[in-house]
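Here is the file query.cif (mmCIF, C-alpha atoms and all ligand atoms).
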```cif
data_model
loop_
_atom_site.label_atom_id
_atom_site.label_comp_id
_atom_site.auth_asym_id
_atom_site.auth_seq_id
_atom_site.Cartn_x
_atom_site.Cartn_y
_atom_site.Cartn_z
CA MET A 1 -54.57 -111.37 90.68
CA LYS A 2 -53.20 -114.20 88.53
CA VAL A 3 -54.76 -115.33 85.26
CA LEU A 4 -53.88 -118.57 83.48
CA VAL A 5 -54.30 -118.20 79.70
CA LEU A 6 -54.86 -121.39 77.73
CA ASN A 7 -54.96 -121.99 73.99
CA CYS A 8 -56.03 -125.62 73.55
CA GLY A 9 -55.60 -127.04 70.04
CA SER A 10 -56.04 -130.56 68.72
CA SER A 11 -52.63 -131.81 69.82
CA SER A 12 -51.12 -128.85 71.59
CA ILE A 13 -51.78 -126.53 74.51
CA LYS A 14 -50.07 -123.15 74.85
CA PHE A 15 -50.19 -121.45 78.24
CA GLN A 16 -49.13 -118.31 80.10
CA LEU A 17 -49.59 -117.39 83.74
CA ILE A 18 -49.86 -113.61 84.04
CA GLU A 19 -49.75 -111.44 87.18
CA MET A 20 -52.33 -108.81 86.30
CA GLU A 21 -51.14 -106.16 88.79
CA ASN A 22 -48.16 -105.42 86.52
CA GLU A 23 -49.10 -107.63 83.54
CA GLU A 24 -45.96 -109.65 84.10
CA VAL A 25 -45.64 -113.15 82.62
CA LEU A 26 -44.77 -115.45 85.55
CA ALA A 27 -44.40 -118.55 83.40
CA LYS A 28 -45.21 -119.70 79.90
CA GLY A 29 -44.85 -122.72 77.69
CA GLN A 30 -46.57 -125.34 75.63
CA THR A 31 -47.30 -129.01 75.29
CA GLU A 32 -47.04 -130.46 71.80
CA LYS A 33 -47.98 -133.88 70.40
CA ILE A 34 -50.63 -134.53 73.04
CA GLY A 35 -51.88 -138.10 72.70
CA SER A 36 -48.42 -139.55 72.14
CA GLN A 37 -45.83 -141.28 74.32
CA GLU A 38 -43.35 -138.65 73.18
CA ALA A 39 -45.16 -135.42 73.84
CA ILE A 40 -42.93 -132.36 74.19
CA PHE A 41 -43.42 -130.15 77.23
CA THR A 42 -41.74 -126.73 77.15
CA TYR A 43 -41.79 -124.53 80.24
CA LYS A 44 -40.16 -121.18 80.95
CA PRO A 45 -40.55 -119.69 84.41
CA LYS A 46 -39.72 -116.01 84.83
CA GLY A 47 -36.01 -115.40 85.43
CA LYS A 48 -35.06 -119.08 85.05
CA GLU A 49 -33.87 -121.36 82.28
CA LYS A 50 -36.30 -122.89 79.80
CA ILE A 51 -37.06 -126.58 80.38
CA VAL A 52 -37.89 -128.99 77.53
CA ARG A 53 -39.01 -132.52 78.41
CA THR A 54 -40.26 -135.41 76.32
CA GLN A 55 -42.84 -137.52 78.15
CA ALA A 56 -46.05 -139.49 77.67
CA ILE A 57 -49.06 -137.15 77.68
CA VAL A 58 -52.12 -139.08 76.64
CA SER A 59 -54.86 -136.46 76.88
CA HIS A 60 -55.67 -132.78 77.34
CA ASP A 61 -56.49 -133.51 81.01
CA VAL A 62 -53.01 -134.93 81.55
CA ALA A 63 -51.45 -132.02 79.63
CA ILE A 64 -53.09 -129.45 81.91
CA GLU A 65 -52.13 -131.52 84.97
CA VAL A 66 -48.51 -131.39 83.76
CA VAL A 67 -48.77 -127.59 83.39
CA LEU A 68 -50.16 -127.20 86.92
CA ARG A 69 -47.50 -129.47 88.38
CA ALA A 70 -44.77 -127.40 86.73
CA LEU A 71 -46.32 -124.15 87.98
CA MET A 72 -46.26 -125.54 91.55
CA ASP A 73 -42.94 -127.34 91.40
CA PRO A 74 -40.81 -126.46 94.47
CA TYR A 75 -37.77 -125.66 92.26
CA GLU A 76 -39.11 -124.46 88.93
CA GLY A 77 -42.58 -123.39 89.98
CA VAL A 78 -44.00 -119.90 90.44
CA LEU A 79 -46.99 -120.81 92.64
CA LYS A 80 -47.27 -122.37 96.09
CA SER A 81 -50.79 -123.62 95.49
CA LYS A 82 -53.24 -123.75 92.61
CA THR A 83 -55.62 -121.66 94.71
CA GLU A 84 -53.43 -118.69 93.70
CA ILE A 85 -54.94 -118.89 90.20
CA ASP A 86 -57.84 -116.43 90.22
CA GLY A 87 -59.17 -117.00 86.72
CA ILE A 88 -58.59 -118.91 83.51
CA GLY A 89 -58.88 -117.29 80.08
CA HIS A 90 -59.45 -119.61 77.13
CA ARG A 91 -58.94 -118.79 73.49
CA LEU A 92 -62.12 -120.10 71.86
CA VAL A 93 -61.98 -120.07 68.08
CA HIS A 94 -65.58 -119.80 66.91
CA GLY A 95 -68.48 -118.08 68.62
CA GLY A 96 -70.75 -117.95 65.55
CA GLU A 97 -73.39 -115.20 65.77
CA GLU A 98 -74.11 -116.14 69.39
CA PHE A 99 -71.03 -114.72 71.10
CA VAL A 100 -70.24 -111.07 70.43
CA ASP A 101 -67.99 -110.57 73.46
CA SER A 102 -65.94 -112.60 75.91
CA VAL A 103 -68.07 -114.53 78.44
CA LEU A 104 -67.90 -116.23 81.80
CA ILE A 105 -68.13 -119.92 80.96
CA ASP A 106 -71.09 -121.85 82.41
CA GLU A 107 -73.19 -124.79 81.20
CA GLU A 108 -75.22 -122.58 78.81
CA VAL A 109 -72.07 -121.10 77.29
CA LYS A 110 -70.62 -124.58 76.82
CA LYS A 111 -73.80 -125.61 74.97
CA GLY A 112 -73.43 -122.53 72.75
CA VAL A 113 -69.78 -123.32 71.99
CA ARG A 114 -70.87 -126.88 71.18
CA ARG A 115 -73.48 -125.52 68.75
CA CYS A 116 -70.65 -123.63 67.02
CA ILE A 117 -68.67 -126.85 66.45
CA GLN A 118 -70.39 -127.04 63.04
CA PHE A 119 -68.44 -123.89 62.05
CA ALA A 120 -65.05 -124.93 63.48
CA PRO A 121 -64.97 -128.73 63.77
CA LEU A 122 -61.18 -128.73 64.01
CA HIS A 123 -60.98 -126.20 66.84
CA ASN A 124 -64.02 -125.82 69.10
CA PRO A 125 -64.06 -129.46 70.36
CA HIS A 126 -60.46 -129.14 71.59
CA ASN A 127 -61.11 -125.71 73.11
CA LEU A 128 -64.00 -127.30 75.05
CA ARG A 129 -61.85 -130.20 76.19
CA GLY A 130 -59.51 -127.68 77.80
CA VAL A 131 -62.44 -126.01 79.58
CA GLU A 132 -63.68 -129.35 80.91
CA ALA A 133 -60.23 -130.45 82.02
CA CYS A 134 -59.92 -127.21 84.04
CA GLU A 135 -63.32 -127.87 85.66
CA GLN A 136 -61.89 -131.13 86.98
CA LEU A 137 -58.43 -129.89 87.89
CA LEU A 138 -59.22 -126.39 89.16
CA PRO A 139 -62.79 -126.72 90.50
CA GLY A 140 -64.40 -123.42 91.36
CA VAL A 141 -61.90 -121.26 89.45
CA PRO A 142 -63.87 -119.01 87.07
CA GLN A 143 -63.21 -119.56 83.37
CA VAL A 144 -63.68 -116.97 80.65
CA GLY A 145 -64.01 -117.66 76.92
CA VAL A 146 -62.42 -115.15 74.53
CA PHE A 147 -63.55 -115.73 70.95
CA ASP A 148 -61.43 -115.23 67.83
CA THR A 149 -64.57 -114.21 65.97
CA ALA A 150 -66.07 -111.79 68.52
CA PHE A 151 -64.31 -108.59 67.42
CA HIS A 152 -65.79 -109.05 63.95
CA HIS A 153 -69.41 -109.22 65.13
CA THR A 154 -69.74 -105.60 63.96
CA LEU A 155 -69.20 -106.51 60.29
CA PRO A 156 -72.12 -105.00 58.39
CA LEU A 157 -74.40 -107.28 56.41
CA GLN A 158 -72.94 -106.20 53.07
CA ALA A 159 -69.50 -107.36 54.27
CA TYR A 160 -70.55 -110.68 55.76
CA LEU A 161 -73.09 -112.00 53.24
CA TYR A 162 -71.92 -114.42 50.57
CA ALA A 163 -73.89 -114.16 47.32
CA LEU A 164 -75.26 -117.68 47.73
CA PRO A 165 -78.97 -118.49 47.91
CA ILE A 166 -80.01 -116.61 51.05
CA LYS A 167 -81.35 -119.77 52.69
CA PHE A 168 -77.76 -120.83 53.37
CA TYR A 169 -77.42 -117.80 55.60
CA ARG A 170 -80.92 -117.97 57.07
CA GLU A 171 -80.98 -121.70 57.78
CA HIS A 172 -77.32 -122.60 58.19
CA LYS A 173 -75.68 -119.31 59.22
CA ILE A 174 -73.24 -119.57 56.34
CA ARG A 175 -71.63 -116.13 56.19
CA ARG A 176 -68.28 -114.46 56.71
CA TYR A 177 -67.19 -114.43 60.38
CA GLY A 178 -63.50 -113.44 60.43
CA PHE A 179 -60.75 -114.62 62.79
CA HIS A 180 -57.66 -113.29 64.63
CA GLY A 181 -60.09 -110.83 66.25
CA THR A 182 -58.19 -110.66 69.54
CA SER A 183 -55.00 -109.65 67.72
CA HIS A 184 -56.65 -107.10 65.39
CA ALA A 185 -58.44 -105.47 68.35
CA TYR A 186 -55.27 -105.40 70.46
CA VAL A 187 -53.03 -103.73 67.86
CA ALA A 188 -55.75 -101.27 66.77
CA ARG A 189 -56.02 -100.09 70.38
CA LYS A 190 -52.24 -99.88 70.76
CA ALA A 191 -52.04 -97.82 67.56
CA ALA A 192 -54.65 -95.37 68.87
CA GLU A 193 -52.79 -95.09 72.19
CA TYR A 194 -49.57 -94.34 70.31
CA VAL A 195 -51.04 -91.48 68.27
CA GLY A 196 -52.79 -90.23 71.41
CA LYS A 197 -56.30 -90.19 69.93
CA PRO A 198 -59.40 -92.17 70.87
CA VAL A 199 -59.79 -95.29 68.71
CA GLU A 200 -63.37 -94.04 68.13
CA SER A 201 -61.97 -91.21 66.01
CA LEU A 202 -59.68 -93.27 63.76
CA LYS A 203 -59.73 -95.30 60.54
CA ILE A 204 -57.22 -98.13 60.90
CA ILE A 205 -56.16 -101.11 58.79
CA THR A 206 -54.50 -103.93 60.71
CA CYS A 207 -52.44 -106.59 58.89
CA HIS A 208 -51.91 -109.75 60.98
CA LEU A 209 -49.26 -111.58 58.94
CA GLY A 210 -48.24 -114.85 60.54
CA ASN A 211 -48.42 -118.39 59.29
CA GLY A 212 -52.15 -117.63 59.20
CA ALA A 213 -52.74 -114.13 57.82
CA SER A 214 -55.66 -111.72 57.76
CA ILE A 215 -56.34 -108.01 57.33
CA THR A 216 -59.07 -105.98 59.00
CA ALA A 217 -60.60 -102.55 58.43
CA VAL A 218 -61.32 -100.95 61.80
CA ASP A 219 -63.68 -97.97 61.61
CA ARG A 220 -63.77 -95.97 64.84
CA GLY A 221 -62.98 -99.07 66.92
CA HIS A 222 -65.28 -101.48 65.04
CA SER A 223 -64.29 -104.20 62.61
CA VAL A 224 -66.13 -103.41 59.34
CA GLU A 225 -64.27 -105.71 56.92
CA THR A 226 -61.92 -108.62 57.36
CA SER A 227 -60.31 -111.02 54.94
CA MET A 228 -60.98 -114.40 56.54
CA GLY A 229 -64.51 -115.67 56.03
CA PHE A 230 -66.61 -118.64 57.07
CA THR A 231 -63.30 -120.36 57.76
CA PRO A 232 -59.72 -119.05 58.00
CA LEU A 233 -59.09 -120.22 54.41
CA GLU A 234 -60.39 -117.07 52.70
CA GLY A 235 -58.42 -113.92 51.95
CA LEU A 236 -54.66 -113.37 51.93
CA ILE A 237 -52.10 -115.91 50.73
CA MET A 238 -50.87 -117.72 53.87
CA GLY A 239 -48.17 -120.18 54.91
CA THR A 240 -50.01 -123.26 53.69
CA ARG A 241 -53.50 -121.88 52.83
CA CYS A 242 -54.39 -120.57 49.40
CA GLY A 243 -56.59 -117.63 50.46
CA ASP A 244 -58.97 -116.36 47.75
CA ILE A 245 -59.39 -118.61 44.72
CA ASP A 246 -62.08 -119.10 42.10
CA PRO A 247 -64.50 -121.56 43.80
CA ALA A 248 -64.99 -123.32 40.46
CA LEU A 249 -61.45 -124.64 40.91
CA ILE A 250 -62.62 -127.02 43.63
CA PRO A 251 -64.54 -129.45 41.38
CA HIS A 252 -61.99 -128.86 38.62
CA ILE A 253 -59.02 -129.89 40.82
CA ALA A 254 -60.99 -132.82 42.26
CA ASP A 255 -61.62 -134.00 38.71
CA LEU A 256 -58.04 -133.43 37.50
CA GLU A 257 -56.32 -135.16 40.39
CA LYS A 258 -59.10 -137.69 41.19
CA LEU A 259 -59.44 -136.33 44.73
CA THR A 260 -62.32 -136.46 47.18
CA LEU A 261 -63.70 -133.16 48.50
CA ALA A 262 -61.94 -133.82 51.81
CA GLN A 263 -58.65 -134.25 49.95
CA VAL A 264 -59.16 -130.98 48.04
CA ASP A 265 -59.97 -129.26 51.34
CA ALA A 266 -56.68 -130.58 52.81
CA LEU A 267 -54.79 -129.48 49.68
CA LEU A 268 -56.14 -125.92 49.94
CA ASN A 269 -55.47 -125.70 53.70
CA LYS A 270 -52.21 -127.56 54.12
CA LYS A 271 -50.36 -127.79 50.81
CA SER A 272 -51.07 -124.44 49.18
CA GLY A 273 -50.09 -120.85 49.96
CA MET A 274 -46.37 -120.11 50.19
CA LEU A 275 -45.58 -123.82 50.63
CA GLY A 276 -47.47 -124.70 47.47
CA LEU A 277 -45.93 -121.90 45.41
CA THR A 278 -42.33 -122.45 46.55
CA GLU A 279 -42.63 -126.27 46.77
CA LYS A 280 -40.12 -125.94 49.62
CA THR A 281 -41.25 -124.16 52.74
CA ASN A 282 -43.80 -121.86 54.34
CA ASP A 283 -41.15 -120.20 56.53
CA PHE A 284 -40.69 -116.62 55.32
CA ARG A 285 -37.10 -116.43 56.53
CA GLU A 286 -36.18 -119.34 54.27
CA ILE A 287 -38.28 -117.99 51.39
CA GLU A 288 -36.61 -114.58 51.60
CA ASP A 289 -33.15 -116.17 51.71
CA ALA A 290 -33.97 -118.37 48.71
CA ALA A 291 -35.36 -115.37 46.79
CA ALA A 292 -32.19 -113.38 47.55
CA ALA A 293 -30.18 -116.28 46.15
CA GLY A 294 -32.21 -116.11 42.94
CA ASP A 295 -34.75 -118.91 43.43
CA GLN A 296 -37.48 -117.97 40.94
CA GLN A 297 -40.38 -119.75 42.67
CA SER A 298 -39.60 -118.00 45.96
CA ILE A 299 -39.50 -114.63 44.13
CA TRP A 300 -42.92 -115.33 42.54
CA ALA A 301 -44.38 -116.46 45.87
CA LEU A 302 -43.25 -113.27 47.63
CA GLU A 303 -44.53 -111.11 44.76
CA ALA A 304 -47.92 -112.84 44.86
CA PHE A 305 -48.14 -112.53 48.67
CA CYS A 306 -47.37 -108.79 48.64
CA HIS A 307 -49.62 -108.11 45.64
CA ARG A 308 -52.61 -109.75 47.37
CA LEU A 309 -51.93 -107.74 50.52
CA LYS A 310 -51.60 -104.46 48.57
CA LYS A 311 -54.90 -105.21 46.83
CA TYR A 312 -56.66 -105.64 50.17
CA ILE A 313 -55.12 -102.48 51.65
CA GLY A 314 -56.45 -100.50 48.68
CA ALA A 315 -59.87 -102.13 48.96
CA TYR A 316 -60.11 -101.54 52.71
CA SER A 317 -59.09 -97.90 52.47
CA ALA A 318 -61.97 -97.53 50.00
CA VAL A 319 -64.34 -99.28 52.44
CA LEU A 320 -63.18 -96.99 55.25
CA GLY A 321 -63.35 -93.88 53.06
CA GLY A 322 -59.88 -92.85 54.19
CA LEU A 323 -57.06 -94.08 56.34
CA ASP A 324 -55.25 -92.76 59.41
CA ILE A 325 -53.10 -95.73 60.50
CA LEU A 326 -51.80 -98.90 58.87
CA VAL A 327 -50.52 -101.56 61.29
CA PHE A 328 -48.29 -104.57 60.62
CA THR A 329 -48.20 -107.34 63.22
CA ALA A 330 -47.43 -111.07 63.85
CA GLY A 331 -44.32 -113.02 62.74
CA ILE A 332 -44.01 -111.63 59.20
CA GLY A 333 -45.63 -108.27 59.85
CA GLU A 334 -43.27 -107.56 62.75
CA HIS A 335 -40.07 -108.95 61.26
CA SER A 336 -40.10 -108.70 57.47
CA PRO A 337 -38.93 -105.32 56.09
CA LEU A 338 -39.00 -106.87 52.63
CA VAL A 339 -42.73 -107.70 52.78
CA ARG A 340 -43.63 -104.27 54.17
CA ALA A 341 -41.53 -102.40 51.59
CA ALA A 342 -42.74 -104.47 48.62
CA THR A 343 -46.38 -104.20 49.69
CA LEU A 344 -46.31 -100.44 50.28
CA LYS A 345 -44.40 -99.50 47.12
CA ASN A 346 -46.20 -96.85 45.01
CA MET A 347 -48.89 -96.17 47.60
CA GLU A 348 -48.00 -92.49 48.03
CA TYR A 349 -51.31 -91.65 46.33
CA LEU A 350 -52.99 -92.96 49.52
CA GLY A 351 -50.67 -91.03 51.83
CA ILE A 352 -48.59 -94.14 52.55
CA SER A 353 -44.79 -93.99 52.36
CA VAL A 354 -42.03 -95.60 54.37
CA ASP A 355 -38.65 -94.55 55.78
CA GLU A 356 -36.52 -97.44 54.53
CA ALA A 357 -33.92 -97.21 57.31
CA LYS A 358 -36.63 -97.39 59.98
CA ASN A 359 -38.35 -100.18 58.07
CA GLN A 360 -35.11 -102.19 57.91
CA ALA A 361 -34.69 -101.73 61.66
CA ASN A 362 -38.26 -102.99 62.34
CA ALA A 363 -38.88 -99.67 64.13
CA PHE A 364 -42.28 -99.02 65.69
CA ASP A 365 -43.21 -96.03 63.53
CA ILE A 366 -41.91 -96.39 59.96
CA GLY A 367 -44.17 -94.07 57.95
CA THR A 368 -43.23 -90.71 56.44
CA GLY A 369 -46.53 -89.78 54.81
CA ARG A 370 -49.95 -88.66 56.05
CA VAL A 371 -50.87 -92.22 57.10
CA LYS A 372 -49.03 -93.54 60.17
CA VAL A 373 -47.41 -96.90 59.38
CA LEU A 374 -46.78 -98.82 62.60
CA VAL A 375 -45.09 -102.14 63.39
CA ILE A 376 -46.77 -103.35 66.58
CA PRO A 377 -45.98 -106.67 68.28
CA THR A 378 -49.22 -108.53 68.91
CA ASN A 379 -49.88 -110.12 72.30
CA GLU A 380 -52.97 -112.30 72.14
CA GLU A 381 -52.29 -113.89 75.54
CA LEU A 382 -52.22 -110.53 77.28
CA ALA A 383 -55.38 -109.47 75.45
CA ILE A 384 -57.11 -112.68 76.62
CA ALA A 385 -55.89 -112.14 80.20
CA ARG A 386 -57.15 -108.53 80.18
CA ASP A 387 -60.54 -109.64 78.91
CA THR A 388 -60.67 -112.36 81.56
CA LEU A 389 -59.99 -109.78 84.25
CA ARG A 390 -62.65 -107.43 82.82
CA ILE A 391 -65.31 -110.16 82.79
CA LEU A 392 -64.42 -111.28 86.32
CA LYS A 393 -64.64 -107.69 87.57
CA GLU A 394 -68.00 -107.20 85.83
CA ARG A 395 -69.24 -110.37 87.55
CA SER A 396 -68.22 -109.22 91.01
CA SER A 397 -69.50 -105.61 90.66
P1 LIG B 1 -46.52 -116.41 63.51
O1 LIG B 1 -47.58 -117.33 62.95
O2 LIG B 1 -47.07 -115.07 63.90
O3 LIG B 1 -45.67 -117.04 64.57
O4 LIG B 1 -45.52 -116.08 62.28
C1 LIG B 1 -44.79 -117.10 61.66
C2 LIG B 1 -44.16 -116.55 60.38
O5 LIG B 1 -43.34 -115.42 60.68
C3 LIG B 1 -43.26 -117.59 59.69
O6 LIG B 1 -43.52 -117.60 58.30
C4 LIG B 1 -41.87 -117.03 59.94
O7 LIG B 1 -40.99 -117.39 58.94
C5 LIG B 1 -42.15 -115.54 59.93
N1 LIG B 1 -41.01 -114.82 60.52
C6 LIG B 1 -40.58 -114.86 61.79
N2 LIG B 1 -39.46 -114.12 61.93
C7 LIG B 1 -39.17 -113.61 60.69
C8 LIG B 1 -38.12 -112.78 60.15
N3 LIG B 1 -37.14 -112.32 60.93
N4 LIG B 1 -38.18 -112.47 58.83
C9 LIG B 1 -39.17 -112.93 58.05
N5 LIG B 1 -40.17 -113.71 58.50
C10 LIG B 1 -40.17 -114.06 59.79
#
```
Take the structure from the file and write it as structure tokens.
Ligand code: AMP
Amino acid sequence: MKVLVLNCGSSSIKFQLIEMENEEVLAKGQTEKIGSQEAIFTYKPKGKEKIVRTQAIVSHDVAIEVVLRALMDPYEGVLKSKTEIDGIGHRLVHGGEEFVDSVLIDEEVKKGVRRCIQFAPLHNPHNLRGVEACEQLLPGVPQVGVFDTAFHHTLPLQAYLYALPIKFYREHKIRRYGFHGTSHAYVARKAAEYVGKPVESLKIITCHLGNGASITAVDRGHSVETSMGFTPLEGLIMGTRCGDIDPALIPHIADLEKLTLAQVDALLNKKSGMLGLTEKTNDFREIEDAAAAGDQQSIWALEAFCHRLKKYIGAYSAVLGGLDILVFTAGIGEHSPLVRAATLKNMEYLGISVDEAKNQANAFDIGTGRVKVLVIPTNEELAIARDTLRILKERSS
């Protein structure tokens, strides 16, 4: 059984075709700069060279057509016919309170995803465009929606309510939702498998540290706290997002810099975080190199990033009432010994300590204390493909 996984953004589509028998990636790639005459199509079939082409790709429909053509190409392709695709799994960003699990996409589900556009105006419309393009190009192939928010539907009320007038929750569903759910769920399960215990018996904290970053407290398999909120802006310091700030700063900055609210929103999302602090880059490799060479702003930025993360780990261990496993994942979590070591310094009181040689080697299991400290590569595409298969099997049983 073959599943095509699609992650459709505003101007890019990432894809993977996975053979589910052995969970092997048959081909993967992405299309960037959709809507331009110079879109970049990258395609890597299994066992062959990567191809990068610049071509006109005017819409999401055309982008998916280009993907299908590559998959069926007589030389570079991995399929003889598109009928070999048994299901399509879509990453859908926001499911609001309506979607608590992955779903088979039909007209009702599409209406629900449309209702959630109010929560994710920059993401859900493009996710839906991908779904509709597949309806045209692969008619009859079942499509499954896998929501970034779904894993966090178990957040208890005390974790998801903002202390705003309650009507904003009651009438407008303004609350904390959380994101990166597919990744947090995937690595929590992997961690439980590794220690050989059921996830239902464990208290786990998962740190997804990529360009977007979030941390989740997983109590016996359920997300009970997570750092992103109504939008992915809340929580940890990120590549270009500020994370937690005093909300009173928003009118203050607007006043200081004579900015509109939309401009402040863009400043907090795109010009803040590590980029804002370093005034150079949001790439951790460059920041770490600059810090090693003595660049003071890069040193401050790294200290602030790790301090915020440490603060959340402490808070979440308190929420969980103990801790069995701490997981690091995503670009920084998987590859930055410096961030892990700086964050976990002086946490022996919690049972957290690290073997520095293993940490430097990005080993899988780097802890030496009571709490397991694991570095687990995330694989959101595989998690989406597995969920797609599960939903398709449920449908046919
Ligand atoms: P992601 O969003 O998961 O792709 O992660 C992107 C982030 O991971 C960027 O800030 C990269 O600089 C960072 N990253 C990737 N490799 C390394 C590395 N070897 N050391 C430090 N940071 C890294």
Each chain A residue no farther than 6 Å from ligand LIG 1 (chain B), nearest pair in Å, all atoms listed in the file, as a Markdown table:
```
| residue | atom | partner | partner_atom | distance |
| --- | --- | --- | --- | --- |
| A:Gly210 | CA | B:LIG1 | O4 | 3.5 |
| A:Asn211 | CA | B:LIG1 | O1 | 3.9 |
| A:Gly212 | CA | B:LIG1 | O1 | 5.9 |
| A:Asn282 | CA | B:LIG1 | O6 | 5.8 |
| A:Asp283 | CA | B:LIG1 | O7 | 3.7 |
| A:Phe284 | CA | B:LIG1 | O7 | 3.7 |
| A:Arg285 | CA | B:LIG1 | C9 | 4.3 |
| A:Ala330 | CA | B:LIG1 | O2 | 4.0 |
| A:Gly331 | CA | B:LIG1 | O5 | 3.3 |
| A:Ile332 | CA | B:LIG1 | O5 | 4.1 |
| A:His335 | CA | B:LIG1 | C8 | 4.4 |
| A:Ser336 | CA | B:LIG1 | C9 | 4.4 |
```
At what distance in Å, to one decimal, does atom CA of Ala163 of chain A lie from atom CA of Arg175 of chain A?
->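 Pair atom CA of Arg175 of chain A / atom CA of Ala163 of chain A returns 9.4 Å.
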Would you mind listing, for every residue of segment 226-271 of chain A within 12 Å of segment 147-151 of chain A, the two atoms forming the shortest contact and the distance between them in Å to one decimal, using only C-alpha atoms, sorted by chain and ascending residue number, as JSON lines?
```
{"residue": "A:Thr226", "atom": "CA", "partner": "A:Phe151", "partner_atom": "CA", "distance": 10.3}
{"residue": "A:Met228", "atom": "CA", "partner": "A:Thr149", "partner_atom": "CA", "distance": 10.1}
{"residue": "A:Gly229", "atom": "CA", "partner": "A:Thr149", "partner_atom": "CA", "distance": 10.0}
{"residue": "A:Phe230", "atom": "CA", "partner": "A:Thr149", "partner_atom": "CA", "distance": 10.1}
{"residue": "A:Thr231", "atom": "CA", "partner": "A:Thr149", "partner_atom": "CA", "distance": 10.3}
{"residue": "A:Pro232", "atom": "CA", "partner": "A:Thr149", "partner_atom": "CA", "distance": 10.5}
```
Using only C-alpha atoms, which protein or nucleic acid residues come within 10 Å of His184 of chain A? Drop anything in the same chain fewer than 2 positions from it, and give the result as a list in words.
Asp148, Phe151, His152, Phe179, His180, Gly181, Thr182, Tyr186, Val187, Ala188, Arg189, Ile205, Thr206, Cys207, His208, Ser214, Ile215, Thr216, Ala217, Val218, Ser223, Thr226, Val327, Phe328, Thr329, Thr378 and Glu380 of chain A
Writer output for current selection, C-alpha atoms, as a tab-separated table (two decimals), in the frame of the given file:
```
chain	number	residue	atom	x	y	z
A	148	ASP	CA	-61.43	-115.23	67.83
A	151	PHE	CA	-64.31	-108.59	67.42
A	152	HIS	CA	-65.79	-109.05	63.95
A	179	PHE	CA	-60.75	-114.62	62.79
A	180	HIS	CA	-57.66	-113.29	64.63
A	181	GLY	CA	-60.09	-110.83	66.25
A	182	THR	CA	-58.19	-110.66	69.54
A	186	TYR	CA	-55.27	-105.40	70.46
A	187	VAL	CA	-53.03	-103.73	67.86
A	188	ALA	CA	-55.75	-101.27	66.77
A	189	ARG	CA	-56.02	-100.09	70.38
A	205	ILE	CA	-56.16	-101.11	58.79
A	206	THR	CA	-54.50	-103.93	60.71
A	207	CYS	CA	-52.44	-106.59	58.89
A	208	HIS	CA	-51.91	-109.75	60.98
A	214	SER	CA	-55.66	-111.72	57.76
A	215	ILE	CA	-56.34	-108.01	57.33
A	216	THR	CA	-59.07	-105.98	59.00
A	217	ALA	CA	-60.60	-102.55	58.43
A	218	VAL	CA	-61.32	-100.95	61.80
A	223	SER	CA	-64.29	-104.20	62.61
A	226	THR	CA	-61.92	-108.62	57.36
A	327	VAL	CA	-50.52	-101.56	61.29
A	328	PHE	CA	-48.29	-104.57	60.62
A	329	THR	CA	-48.20	-107.34	63.22
A	378	THR	CA	-49.22	-108.53	68.91
A	380	GLU	CA	-52.97	-112.30	72.14
```
With all atoms listed in the file counted and 8 Å as the cut-off, give the residues of segment 114-192 of chain A in contact with segment 94-105 of chain A, each with its shortest interatomic distance in Å and the pair that gives it, as CSV.
```
residue,atom,partner,partner_atom,distance
A:Cys116,CA,A:Gly96,CA,5.9
A:Ile117,CA,A:His94,CA,7.7
A:Phe119,CA,A:His94,CA,7.0
A:Ala120,CA,A:His94,CA,6.2
A:His123,CA,A:His94,CA,7.9
A:Asn124,CA,A:His94,CA,6.6
A:Pro142,CA,A:Leu104,CA,7.2
A:Gln143,CA,A:Ile105,CA,5.5
A:Val144,CA,A:Leu104,CA,4.4
A:Gly145,CA,A:Val103,CA,5.3
A:Val146,CA,A:Ser102,CA,4.6
A:Phe147,CA,A:Gly95,CA,5.9
A:Asp148,CA,A:His94,CA,6.2
A:Thr149,CA,A:His94,CA,5.8
A:Ala150,CA,A:Val100,CA,4.6
A:Phe151,CA,A:Val100,CA,7.1
A:His153,CA,A:Val100,CA,5.7
A:Tyr177,CA,A:Gly96,CA,7.2
```
- Spatial neighbours of segment 362-374 of chain A, 12 Å, only C-alpha atoms, chain gap at least 6 places, as number ranges by chain: A: 187-188, 190-195, 202-207, 317, 322-329, 331-341, 344, 347-356
Checklist entry - Expressed in Å to a single decimal, how great is the separation between atom CA of Ala262 of chain A and atom CA of Pro125 of chain A? => result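 These atoms are spaced 19.2 Å apart.
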For the atom pair atom CA of Ile299 of chain A and atom CA of Ala248 of chain A, what is the interatomic distance in Å to one decimal place?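 For atom CA of Ile299 of chain A relative to atom CA of Ala248 of chain A, the distance reads 27.2 Å.
Proximity ranking of A:Arg395, A:Arg176, A:Lys197, A:His222 relative to Glu234 of chain A places A:Arg176 first, based on only C-alpha atoms.
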Pick from A:Ser183, A:Asn359, A:Ala383, A:Val319 nearest to Gln158 of chain A, counting only C-alpha atoms: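 With only C-alpha atoms as the atom set, the closest residue is A:Val319.
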